>>> print(open('protein_4.pdb').read())   # PDB, C-alpha atoms and all ligand atoms
ATOM      1  CA  MET F   1      -6.607  45.187 192.391  1.00  0.00           C
ATOM      2  CA  SER F   2      -4.783  42.331 194.180  1.00  0.00           C
ATOM      3  CA  ALA F   3      -2.372  42.957 197.051  1.00  0.00           C
ATOM      4  CA  GLY F   4       0.987  44.123 195.779  1.00  0.00           C
ATOM      5  CA  GLU F   5      -0.333  45.204 192.349  1.00  0.00           C
ATOM      6  CA  ALA F   6       0.196  48.770 191.210  1.00  0.00           C
ATOM      7  CA  PRO F   7      -2.949  50.895 191.044  1.00  0.00           C
ATOM      8  CA  SER F   8      -4.477  51.252 187.581  1.00  0.00           C
ATOM      9  CA  ILE F   9      -4.044  54.459 185.610  1.00  0.00           C
ATOM     10  CA  PHE F  10      -7.757  55.141 186.270  1.00  0.00           C
ATOM     11  CA  THR F  11      -7.287  54.816 190.049  1.00  0.00           C
ATOM     12  CA  ARG F  12      -4.417  57.255 189.793  1.00  0.00           C
ATOM     13  CA  ILE F  13      -6.656  59.628 187.823  1.00  0.00           C
ATOM     14  CA  ILE F  14      -9.451  59.289 190.436  1.00  0.00           C
ATOM     15  CA  LEU F  15      -6.952  60.015 193.222  1.00  0.00           C
ATOM     16  CA  GLY F  16      -5.744  63.104 191.346  1.00  0.00           C
ATOM     17  CA  GLU F  17      -2.205  61.722 190.929  1.00  0.00           C
ATOM     18  CA  VAL F  18      -2.595  61.831 187.141  1.00  0.00           C
ATOM     19  CA  PRO F  19      -4.400  64.768 185.526  1.00  0.00           C
ATOM     20  CA  SER F  20      -7.639  64.221 183.611  1.00  0.00           C
ATOM     21  CA  HIS F  21     -10.529  66.197 182.185  1.00  0.00           C
ATOM     22  CA  ARG F  22     -13.265  65.190 184.647  1.00  0.00           C
ATOM     23  CA  VAL F  23     -16.902  65.627 183.664  1.00  0.00           C
ATOM     24  CA  PHE F  24     -18.722  63.863 186.546  1.00  0.00           C
ATOM     25  CA  GLU F  25     -18.108  62.371 189.973  1.00  0.00           C
ATOM     26  CA  ASN F  26     -20.231  60.920 192.785  1.00  0.00           C
ATOM     27  CA  ALA F  27     -19.669  58.397 195.602  1.00  0.00           C
ATOM     28  CA  HIS F  28     -19.137  55.424 193.258  1.00  0.00           C
ATOM     29  CA  VAL F  29     -18.582  56.850 189.777  1.00  0.00           C
ATOM     30  CA  PHE F  30     -15.950  58.945 188.016  1.00  0.00           C
ATOM     31  CA  ALA F  31     -16.170  60.113 184.373  1.00  0.00           C
ATOM     32  CA  PHE F  32     -13.551  61.872 182.268  1.00  0.00           C
ATOM     33  CA  LEU F  33     -12.595  62.472 178.643  1.00  0.00           C
ATOM     34  CA  ASP F  34     -10.608  59.736 176.880  1.00  0.00           C
ATOM     35  CA  ILE F  35      -7.058  60.868 176.121  1.00  0.00           C
ATOM     36  CA  ASN F  36      -7.159  59.192 172.672  1.00  0.00           C
ATOM     37  CA  PRO F  37     -10.726  59.900 171.578  1.00  0.00           C
ATOM     38  CA  LEU F  38     -12.464  58.007 168.795  1.00  0.00           C
ATOM     39  CA  ALA F  39     -14.737  61.031 168.436  1.00  0.00           C
ATOM     40  CA  LEU F  40     -15.184  64.482 169.961  1.00  0.00           C
ATOM     41  CA  GLY F  41     -16.672  63.893 173.435  1.00  0.00           C
ATOM     42  CA  HIS F  42     -15.418  60.281 173.842  1.00  0.00           C
ATOM     43  CA  THR F  43     -15.889  59.815 177.578  1.00  0.00           C
ATOM     44  CA  LEU F  44     -14.903  57.050 180.015  1.00  0.00           C
ATOM     45  CA  VAL F  45     -17.216  56.198 182.915  1.00  0.00           C
ATOM     46  CA  VAL F  46     -15.543  54.119 185.636  1.00  0.00           C
ATOM     47  CA  PRO F  47     -16.318  52.801 189.117  1.00  0.00           C
ATOM     48  CA  LYS F  48     -14.152  54.400 191.793  1.00  0.00           C
ATOM     49  CA  ARG F  49     -13.457  50.921 193.139  1.00  0.00           C
ATOM     50  CA  GLU F  50     -10.691  49.292 191.105  1.00  0.00           C
ATOM     51  CA  VAL F  51     -12.239  46.079 189.794  1.00  0.00           C
ATOM     52  CA  GLU F  52     -10.898  44.498 186.628  1.00  0.00           C
ATOM     53  CA  ARG F  53     -14.069  43.082 185.091  1.00  0.00           C
ATOM     54  CA  LEU F  54     -17.740  44.006 185.040  1.00  0.00           C
ATOM     55  CA  GLU F  55     -19.003  40.736 186.521  1.00  0.00           C
ATOM     56  CA  ALA F  56     -16.848  41.327 189.625  1.00  0.00           C
ATOM     57  CA  LEU F  57     -18.291  44.760 190.344  1.00  0.00           C
ATOM     58  CA  PRO F  58     -20.511  44.804 193.466  1.00  0.00           C
ATOM     59  CA  GLU F  59     -24.181  45.358 192.653  1.00  0.00           C
ATOM     60  CA  GLU F  60     -24.512  48.779 194.304  1.00  0.00           C
ATOM     61  CA  GLU F  61     -21.595  50.153 192.305  1.00  0.00           C
ATOM     62  CA  ALA F  62     -22.840  48.560 189.085  1.00  0.00           C
ATOM     63  CA  ALA F  63     -26.221  50.188 189.711  1.00  0.00           C
ATOM     64  CA  ALA F  64     -24.545  53.559 190.280  1.00  0.00           C
ATOM     65  CA  ILE F  65     -22.699  53.246 186.959  1.00  0.00           C
ATOM     66  CA  GLY F  66     -25.920  52.222 185.197  1.00  0.00           C
ATOM     67  CA  ALA F  67     -27.756  55.227 186.595  1.00  0.00           C
ATOM     68  CA  ALA F  68     -24.993  57.651 185.598  1.00  0.00           C
ATOM     69  CA  LEU F  69     -24.326  56.385 182.066  1.00  0.00           C
ATOM     70  CA  GLY F  70     -27.464  57.728 180.392  1.00  0.00           C
ATOM     71  CA  ARG F  71     -27.213  61.071 182.152  1.00  0.00           C
ATOM     72  CA  ILE F  72     -23.584  61.540 181.186  1.00  0.00           C
ATOM     73  CA  ALA F  73     -24.287  60.410 177.607  1.00  0.00           C
ATOM     74  CA  ARG F  74     -27.090  62.976 177.272  1.00  0.00           C
ATOM     75  CA  ALA F  75     -24.816  65.774 178.502  1.00  0.00           C
ATOM     76  CA  VAL F  76     -21.990  64.699 176.188  1.00  0.00           C
ATOM     77  CA  LEU F  77     -24.287  64.553 173.144  1.00  0.00           C
ATOM     78  CA  GLU F  78     -25.870  67.927 173.879  1.00  0.00           C
ATOM     79  CA  THR F  79     -22.428  69.464 174.345  1.00  0.00           C
ATOM     80  CA  VAL F  80     -20.818  68.138 171.164  1.00  0.00           C
ATOM     81  CA  GLY F  81     -23.984  68.320 169.064  1.00  0.00           C
ATOM     82  CA  ALA F  82     -24.224  64.616 168.197  1.00  0.00           C
ATOM     83  CA  GLN F  83     -27.473  62.633 168.170  1.00  0.00           C
ATOM     84  CA  ASP F  84     -26.276  59.042 168.415  1.00  0.00           C
ATOM     85  CA  TYR F  85     -23.655  57.167 170.427  1.00  0.00           C
ATOM     86  CA  ASN F  86     -22.201  53.771 171.255  1.00  0.00           C
ATOM     87  CA  VAL F  87     -21.557  52.489 174.765  1.00  0.00           C
ATOM     88  CA  LEU F  88     -18.641  50.061 174.642  1.00  0.00           C
ATOM     89  CA  GLN F  89     -17.359  47.979 177.547  1.00  0.00           C
ATOM     90  CA  ASN F  90     -14.509  45.496 177.073  1.00  0.00           C
ATOM     91  CA  ASN F  91     -13.677  42.657 179.503  1.00  0.00           C
ATOM     92  CA  GLY F  92     -10.420  40.765 179.115  1.00  0.00           C
ATOM     93  CA  PRO F  93      -7.649  40.930 176.514  1.00  0.00           C
ATOM     94  CA  THR F  94      -9.510  38.855 173.911  1.00  0.00           C
ATOM     95  CA  ALA F  95     -12.285  41.430 174.059  1.00  0.00           C
ATOM     96  CA  GLY F  96      -9.822  44.294 173.634  1.00  0.00           C
ATOM     97  CA  GLN F  97      -9.578  45.464 177.249  1.00  0.00           C
ATOM     98  CA  VAL F  98      -6.299  47.313 177.752  1.00  0.00           C
ATOM     99  CA  VAL F  99      -6.803  49.080 181.100  1.00  0.00           C
ATOM    100  CA  ARG F 100      -7.604  46.524 183.814  1.00  0.00           C
ATOM    101  CA  HIS F 101     -10.165  48.679 185.609  1.00  0.00           C
ATOM    102  CA  VAL F 102     -13.831  48.457 184.545  1.00  0.00           C
ATOM    103  CA  HIS F 103     -14.741  51.284 182.175  1.00  0.00           C
ATOM    104  CA  PHE F 104     -17.554  52.196 179.836  1.00  0.00           C
ATOM    105  CA  HIS F 105     -16.776  54.186 176.702  1.00  0.00           C
ATOM    106  CA  ILE F 106     -19.393  56.704 175.562  1.00  0.00           C
ATOM    107  CA  ILE F 107     -18.607  57.365 171.902  1.00  0.00           C
ATOM    108  CA  PRO F 108     -20.656  60.042 170.119  1.00  0.00           C
ATOM    109  CA  ARG F 109     -21.516  59.072 166.536  1.00  0.00           C
ATOM    110  CA  ARG F 110     -22.068  61.150 163.430  1.00  0.00           C
ATOM    111  CA  ALA F 111     -23.097  60.119 159.928  1.00  0.00           C
ATOM    112  CA  GLY F 112     -19.953  59.500 157.855  1.00  0.00           C
ATOM    113  CA  ASP F 113     -17.581  59.454 160.848  1.00  0.00           C
ATOM    114  CA  GLY F 114     -15.918  56.335 159.412  1.00  0.00           C
ATOM    115  CA  LEU F 115     -15.815  54.471 162.732  1.00  0.00           C
ATOM    116  CA  GLY F 116     -17.976  51.539 161.592  1.00  0.00           C
ATOM    117  CA  TYR F 117     -19.993  49.258 163.894  1.00  0.00           C
ATOM    118  CA  ARG F 118     -20.767  45.946 162.185  1.00  0.00           C
ATOM    119  CA  TRP F 119     -19.339  42.720 163.635  1.00  0.00           C
ATOM    120  CA  ASN F 120     -19.237  39.343 161.900  1.00  0.00           C
ATOM    121  CA  THR F 121     -22.461  37.595 162.884  1.00  0.00           C
ATOM    122  CA  LYS F 122     -23.318  33.908 162.392  1.00  0.00           C
ATOM    123  CA  GLN F 123     -26.595  32.258 161.501  1.00  0.00           C
ATOM    124  CA  ALA F 124     -28.098  30.732 164.666  1.00  0.00           C
ATOM    125  CA  ASP F 125     -29.676  27.278 164.987  1.00  0.00           C
ATOM    126  CA  ALA F 126     -33.012  27.620 166.804  1.00  0.00           C
ATOM    127  CA  GLY F 127     -32.533  24.364 168.736  1.00  0.00           C
ATOM    128  CA  GLU F 128     -29.068  25.401 169.917  1.00  0.00           C
ATOM    129  CA  LEU F 129     -30.384  28.792 171.008  1.00  0.00           C
ATOM    130  CA  ALA F 130     -33.190  27.191 173.026  1.00  0.00           C
ATOM    131  CA  GLU F 131     -30.773  24.794 174.743  1.00  0.00           C
ATOM    132  CA  LEU F 132     -28.290  27.564 175.495  1.00  0.00           C
ATOM    133  CA  ALA F 133     -30.942  29.927 176.865  1.00  0.00           C
ATOM    134  CA  ALA F 134     -32.247  27.194 179.174  1.00  0.00           C
ATOM    135  CA  LYS F 135     -28.733  26.504 180.518  1.00  0.00           C
ATOM    136  CA  ILE F 136     -27.963  30.185 181.152  1.00  0.00           C
ATOM    137  CA  ALA F 137     -31.368  30.750 182.745  1.00  0.00           C
ATOM    138  CA  ALA F 138     -30.799  27.746 185.030  1.00  0.00           C
ATOM    139  CA  ARG F 139     -27.460  29.155 186.181  1.00  0.00           C
ATOM    140  CA  LEU F 140     -29.081  32.513 186.937  1.00  0.00           C
ATOM    141  CA  ALA F 141     -31.929  30.809 188.772  1.00  0.00           C
ATOM    142  CA  GLU F 142     -29.331  29.016 190.926  1.00  0.00           C
ATOM    143  CA  GLY F 143     -28.073  32.478 191.950  1.00  0.00           C
ATOM    144  CA  ALA F 144     -25.055  32.874 189.637  1.00  0.00           C
TER     145      ALA F 144
HETATM  146  P1  LIG V 201      -9.887  49.733 176.614  1.00  0.00           P
HETATM  147  O1  LIG V 201      -9.174  49.426 175.320  1.00  0.00           O
HETATM  148  O2  LIG V 201      -9.204  49.137 177.811  1.00  0.00           O
HETATM  149  O3  LIG V 201     -11.361  49.400 176.560  1.00  0.00           O
HETATM  150  O4  LIG V 201      -9.834  51.301 176.736  1.00  0.00           O
HETATM  151  C1  LIG V 201      -8.919  52.012 177.504  1.00  0.00           C
HETATM  152  C2  LIG V 201      -9.107  53.480 177.169  1.00  0.00           C
HETATM  153  O5  LIG V 201      -8.452  54.239 178.146  1.00  0.00           O
HETATM  154  C3  LIG V 201      -8.545  53.882 175.801  1.00  0.00           C
HETATM  155  O6  LIG V 201      -9.578  54.445 175.011  1.00  0.00           O
HETATM  156  C4  LIG V 201      -7.455  54.887 176.161  1.00  0.00           C
HETATM  157  O7  LIG V 201      -7.351  55.947 175.237  1.00  0.00           O
HETATM  158  C5  LIG V 201      -7.897  55.377 177.528  1.00  0.00           C
HETATM  159  N1  LIG V 201      -6.779  55.814 178.360  1.00  0.00           N
HETATM  160  C6  LIG V 201      -5.660  55.102 178.647  1.00  0.00           C
HETATM  161  N2  LIG V 201      -4.847  55.817 179.459  1.00  0.00           N
HETATM  162  C7  LIG V 201      -5.478  56.998 179.697  1.00  0.00           C
HETATM  163  C8  LIG V 201      -5.121  58.160 180.467  1.00  0.00           C
HETATM  164  O8  LIG V 201      -4.066  58.241 181.085  1.00  0.00           O
HETATM  165  N3  LIG V 201      -6.021  59.172 180.489  1.00  0.00           N
HETATM  166  C9  LIG V 201      -7.213  59.099 179.817  1.00  0.00           C
HETATM  167  N4  LIG V 201      -8.036  60.167 179.901  1.00  0.00           N
HETATM  168  N5  LIG V 201      -7.573  58.040 179.078  1.00  0.00           N
HETATM  169  C10 LIG V 201      -6.711  56.995 179.010  1.00  0.00           C
END
>>> encode(input="protein_4.pdb", output="structure tokens", more="lines below")
Ligand code: 5GP
Amino acid sequence: MSAGEAPSIFTRIILGEVPSHRVFENAHVFAFLDINPLALGHTLVVPKREVERLEALPEEEAAAIGAALGRIARAVLETVGAQDYNVLQNNGPTAGQVVRHVHFHIIPRRAGDGLGYRWNTKQADAGELAELAAKIAARLAEGA
């Protein structure tokens, strides 16, 4: 959050200003049921720090989210009796992000639930892939 900006709805939930159905909390992570669930058990896992996008989240907090996600997913699945799930994480309006506070959706899946999951893929050119991978790897090697 930048100076002068209103806190996100998720910050207000974490602070207890807005009610939520909390399922997990530790020093860095807060998880609660989505108010408009795609499926029974649809859960949001968020960092307590209000950061808009995943790549801006400090490493320790990202690690805490990563460690919690699988645990929370297992508990959600066992509770609602689903076997499969999607983890969805949107960054930026083009990617469908509505709430500007990093969040991971855990969406339990059942056969015939009608939610769908296929995106429109393209055929890749092997040369282009090799060039692209080398460029990204170089950026990472430079410490990006
Ligand atoms: P996004 O589209 O940004 O990836 O997802 C935002 C999610 O936050 C949506 O699934 C929406 O239902 C959920 N959401 C928005 N406001 C609230 C709220 O006040 N309480 C809860 N529990 N979920 C919310």
>>> resolve_selection(input="protein_4.pdb", expression="the PyMOL selection byres (((chain F and resi 85) around 9) and not hetatm)", output="list in words")
Ala73, Leu77, Ala82, Gln83, Asp84, Asn86, Val87, Ile106, Ile107, Pro108, Arg109 and Arg110 of chain F
>>> write_last_selection(input="protein_4.pdb", atoms="C-alpha atoms", output="PDB file, in the coordinates of the input")
ATOM      1  CA  ALA F  73     -24.287  60.410 177.607  1.00  0.00           C
ATOM      2  CA  LEU F  77     -24.287  64.553 173.144  1.00  0.00           C
ATOM      3  CA  ALA F  82     -24.224  64.616 168.197  1.00  0.00           C
ATOM      4  CA  GLN F  83     -27.473  62.633 168.170  1.00  0.00           C
ATOM      5  CA  ASP F  84     -26.276  59.042 168.415  1.00  0.00           C
ATOM      6  CA  ASN F  86     -22.201  53.771 171.255  1.00  0.00           C
ATOM      7  CA  VAL F  87     -21.557  52.489 174.765  1.00  0.00           C
ATOM      8  CA  ILE F 106     -19.393  56.704 175.562  1.00  0.00           C
ATOM      9  CA  ILE F 107     -18.607  57.365 171.902  1.00  0.00           C
ATOM     10  CA  PRO F 108     -20.656  60.042 170.119  1.00  0.00           C
ATOM     11  CA  ARG F 109     -21.516  59.072 166.536  1.00  0.00           C
ATOM     12  CA  ARG F 110     -22.068  61.150 163.430  1.00  0.00           C
TER      13      ARG F 110
END
>>> residues_near_ligand(input="protein_4.pdb", ligand="ligand LIG 201 (chain V)", cutoff="12 Å", atoms="all atoms listed in the file", output="VMD selection string")
chain F and resid 8 to 14 16 to 23 30 to 39 41 to 46 52 to 54 87 to 107
>>> closest_residue(input="protein_4.pdb", among="F:Ala68, F:Ala56, F:Val76, F:Ala133", to="Ala27 in chain F", atoms="all atoms listed in the file")
F:Ala68
>>> closest_residue(input="protein_4.pdb", among="F:Val29, F:Ala126, F:Ala6, F:Val51", to="Ala63 in chain F", atoms="all atoms listed in the file")
F:Val29
>>> atom_distance(input="protein_4.pdb", atom1="CA of Pro47 in chain F", atom2="CA of Glu61 in chain F")
6.7 Å
>>> residues_around(input="protein_4.pdb", residues="Ala144 in chain F", least_positions_apart="3", cutoff="12 Å", atoms="all atoms listed in the file", output="ChimeraX atom specification")
/F:55-56,135-141
>>> closest_residue(input="protein_4.pdb", among="F:Ala124, F:Leu40, F:Leu115, F:Ala67", to="His28 in chain F", atoms="only C-alpha atoms")
F:Ala67
>>> axis_aligned_box(input="protein_4.pdb", around="range 87-95 of chain F", padding_each_side="5 Å", output="lines of an AutoDock Vina configuration file")
center_x = -14.6
center_y = 45.7
center_z = 176.7
size_x = 23.9
size_y = 23.6
size_z = 15.6
>>> atom_distance(input="protein_4.pdb", atom1="CA of Glu50 in chain F", atom2="CA of Pro7 in chain F")
7.9 Å
>>> atom_distance(input="protein_4.pdb", atom1="CA of Leu15 in chain F", atom2="CA of Ala62 in chain F")
20.0 Å
>>> decode(input="protein_4.pdb", residues="range 110-121 of chain F", atoms="all heavy atoms", output="PDB file, in the first residue's frame")
ATOM      1  N   ARG F 110     -14.316 -30.946  -8.211  1.00  0.00           N
ATOM      2  CA  ARG F 110     -15.043 -32.217  -8.267  1.00  0.00           C
ATOM      3  C   ARG F 110     -15.383 -32.511  -9.715  1.00  0.00           C
ATOM      4  O   ARG F 110     -15.640 -31.575 -10.486  1.00  0.00           O
ATOM      5  CB  ARG F 110     -16.362 -32.117  -7.501  1.00  0.00           C
ATOM      6  CG  ARG F 110     -16.192 -32.085  -6.026  1.00  0.00           C
ATOM      7  CD  ARG F 110     -17.535 -32.347  -5.332  1.00  0.00           C
ATOM      8  NE  ARG F 110     -17.314 -32.424  -3.901  1.00  0.00           N
ATOM      9  CZ  ARG F 110     -17.027 -31.369  -3.153  1.00  0.00           C
ATOM     10  NH1 ARG F 110     -16.958 -30.177  -3.696  1.00  0.00           N
ATOM     11  NH2 ARG F 110     -16.823 -31.513  -1.872  1.00  0.00           N
ATOM     12  N   ALA F 111     -15.417 -33.785 -10.066  1.00  0.00           N
ATOM     13  CA  ALA F 111     -15.813 -34.179 -11.420  1.00  0.00           C
ATOM     14  C   ALA F 111     -17.186 -33.578 -11.713  1.00  0.00           C
ATOM     15  O   ALA F 111     -18.085 -33.634 -10.863  1.00  0.00           O
ATOM     16  CB  ALA F 111     -15.855 -35.697 -11.521  1.00  0.00           C
ATOM     17  N   GLY F 112     -17.331 -32.961 -12.892  1.00  0.00           N
ATOM     18  CA  GLY F 112     -18.635 -32.428 -13.300  1.00  0.00           C
ATOM     19  C   GLY F 112     -19.023 -31.133 -12.607  1.00  0.00           C
ATOM     20  O   GLY F 112     -20.196 -30.734 -12.665  1.00  0.00           O
ATOM     21  N   ASP F 113     -18.050 -30.439 -11.981  1.00  0.00           N
ATOM     22  CA  ASP F 113     -18.425 -29.192 -11.281  1.00  0.00           C
ATOM     23  C   ASP F 113     -18.654 -28.026 -12.246  1.00  0.00           C
ATOM     24  O   ASP F 113     -19.120 -26.958 -11.844  1.00  0.00           O
ATOM     25  CB  ASP F 113     -17.411 -28.820 -10.185  1.00  0.00           C
ATOM     26  CG  ASP F 113     -15.994 -28.564 -10.710  1.00  0.00           C
ATOM     27  OD1 ASP F 113     -15.832 -28.317 -11.918  1.00  0.00           O
ATOM     28  OD2 ASP F 113     -15.047 -28.602  -9.899  1.00  0.00           O
ATOM     29  N   GLY F 114     -18.308 -28.219 -13.523  1.00  0.00           N
ATOM     30  CA  GLY F 114     -18.620 -27.213 -14.538  1.00  0.00           C
ATOM     31  C   GLY F 114     -17.716 -25.993 -14.516  1.00  0.00           C
ATOM     32  O   GLY F 114     -17.946 -25.038 -15.268  1.00  0.00           O
ATOM     33  N   LEU F 115     -16.675 -25.994 -13.702  1.00  0.00           N
ATOM     34  CA  LEU F 115     -15.823 -24.799 -13.612  1.00  0.00           C
ATOM     35  C   LEU F 115     -14.878 -24.672 -14.801  1.00  0.00           C
ATOM     36  O   LEU F 115     -14.483 -23.561 -15.161  1.00  0.00           O
ATOM     37  CB  LEU F 115     -15.002 -24.828 -12.309  1.00  0.00           C
ATOM     38  CG  LEU F 115     -15.782 -24.580 -11.016  1.00  0.00           C
ATOM     39  CD1 LEU F 115     -14.863 -24.705  -9.809  1.00  0.00           C
ATOM     40  CD2 LEU F 115     -16.431 -23.207 -11.035  1.00  0.00           C
ATOM     41  N   GLY F 116     -14.462 -25.786 -15.392  1.00  0.00           N
ATOM     42  CA  GLY F 116     -13.535 -25.730 -16.522  1.00  0.00           C
ATOM     43  C   GLY F 116     -12.117 -25.410 -16.065  1.00  0.00           C
ATOM     44  O   GLY F 116     -11.908 -24.987 -14.922  1.00  0.00           O
ATOM     45  N   TYR F 117     -11.126 -25.598 -16.951  1.00  0.00           N
ATOM     46  CA  TYR F 117      -9.749 -25.247 -16.594  1.00  0.00           C
ATOM     47  C   TYR F 117      -8.837 -25.077 -17.786  1.00  0.00           C
ATOM     48  O   TYR F 117      -7.686 -24.709 -17.629  1.00  0.00           O
ATOM     49  CB  TYR F 117      -9.135 -26.289 -15.646  1.00  0.00           C
ATOM     50  CG  TYR F 117      -8.932 -27.646 -16.269  1.00  0.00           C
ATOM     51  CD1 TYR F 117      -7.699 -28.014 -16.798  1.00  0.00           C
ATOM     52  CD2 TYR F 117      -9.980 -28.541 -16.339  1.00  0.00           C
ATOM     53  CE1 TYR F 117      -7.529 -29.253 -17.363  1.00  0.00           C
ATOM     54  CE2 TYR F 117      -9.821 -29.774 -16.916  1.00  0.00           C
ATOM     55  CZ  TYR F 117      -8.584 -30.131 -17.423  1.00  0.00           C
ATOM     56  OH  TYR F 117      -8.432 -31.358 -17.994  1.00  0.00           O
ATOM     57  N   ARG F 118      -9.330 -25.287 -19.003  1.00  0.00           N
ATOM     58  CA  ARG F 118      -8.455 -25.200 -20.173  1.00  0.00           C
ATOM     59  C   ARG F 118      -8.312 -23.762 -20.639  1.00  0.00           C
ATOM     60  O   ARG F 118      -9.293 -23.045 -20.770  1.00  0.00           O
ATOM     61  CB  ARG F 118      -9.037 -26.041 -21.324  1.00  0.00           C
ATOM     62  CG  ARG F 118      -8.996 -27.521 -21.076  1.00  0.00           C
ATOM     63  CD  ARG F 118      -7.633 -28.063 -21.403  1.00  0.00           C
ATOM     64  NE  ARG F 118      -7.601 -29.484 -21.198  1.00  0.00           N
ATOM     65  CZ  ARG F 118      -6.538 -30.150 -20.738  1.00  0.00           C
ATOM     66  NH1 ARG F 118      -5.434 -29.506 -20.426  1.00  0.00           N
ATOM     67  NH2 ARG F 118      -6.574 -31.441 -20.593  1.00  0.00           N
ATOM     68  N   TRP F 119      -7.064 -23.331 -20.923  1.00  0.00           N
ATOM     69  CA  TRP F 119      -6.821 -22.029 -21.524  1.00  0.00           C
ATOM     70  C   TRP F 119      -6.424 -22.248 -22.975  1.00  0.00           C
ATOM     71  O   TRP F 119      -6.158 -23.377 -23.387  1.00  0.00           O
ATOM     72  CB  TRP F 119      -5.708 -21.288 -20.774  1.00  0.00           C
ATOM     73  CG  TRP F 119      -6.135 -20.817 -19.415  1.00  0.00           C
ATOM     74  CD1 TRP F 119      -7.283 -21.142 -18.762  1.00  0.00           C
ATOM     75  CD2 TRP F 119      -5.415 -19.947 -18.546  1.00  0.00           C
ATOM     76  NE1 TRP F 119      -7.313 -20.514 -17.536  1.00  0.00           N
ATOM     77  CE2 TRP F 119      -6.196 -19.789 -17.380  1.00  0.00           C
ATOM     78  CE3 TRP F 119      -4.195 -19.283 -18.647  1.00  0.00           C
ATOM     79  CZ2 TRP F 119      -5.790 -18.981 -16.309  1.00  0.00           C
ATOM     80  CZ3 TRP F 119      -3.788 -18.489 -17.578  1.00  0.00           C
ATOM     81  CH2 TRP F 119      -4.585 -18.337 -16.428  1.00  0.00           C
ATOM     82  N   ASN F 120      -6.387 -21.162 -23.753  1.00  0.00           N
ATOM     83  CA  ASN F 120      -6.060 -21.287 -25.170  1.00  0.00           C
ATOM     84  C   ASN F 120      -4.546 -21.300 -25.365  1.00  0.00           C
ATOM     85  O   ASN F 120      -3.909 -20.254 -25.302  1.00  0.00           O
ATOM     86  CB  ASN F 120      -6.689 -20.127 -25.954  1.00  0.00           C
ATOM     87  CG  ASN F 120      -8.203 -20.129 -25.811  1.00  0.00           C
ATOM     88  OD1 ASN F 120      -8.827 -21.192 -25.758  1.00  0.00           O
ATOM     89  ND2 ASN F 120      -8.788 -18.956 -25.720  1.00  0.00           N
ATOM     90  N   THR F 121      -3.992 -22.468 -25.594  1.00  0.00           N
ATOM     91  CA  THR F 121      -2.537 -22.576 -25.759  1.00  0.00           C
ATOM     92  C   THR F 121      -2.150 -22.315 -27.213  1.00  0.00           C
ATOM     93  O   THR F 121      -2.990 -22.347 -28.111  1.00  0.00           O
ATOM     94  CB  THR F 121      -2.050 -23.978 -25.363  1.00  0.00           C
ATOM     95  OG1 THR F 121      -2.741 -24.939 -26.162  1.00  0.00           O
ATOM     96  CG2 THR F 121      -2.324 -24.255 -23.897  1.00  0.00           C
TER      97      THR F 121
END
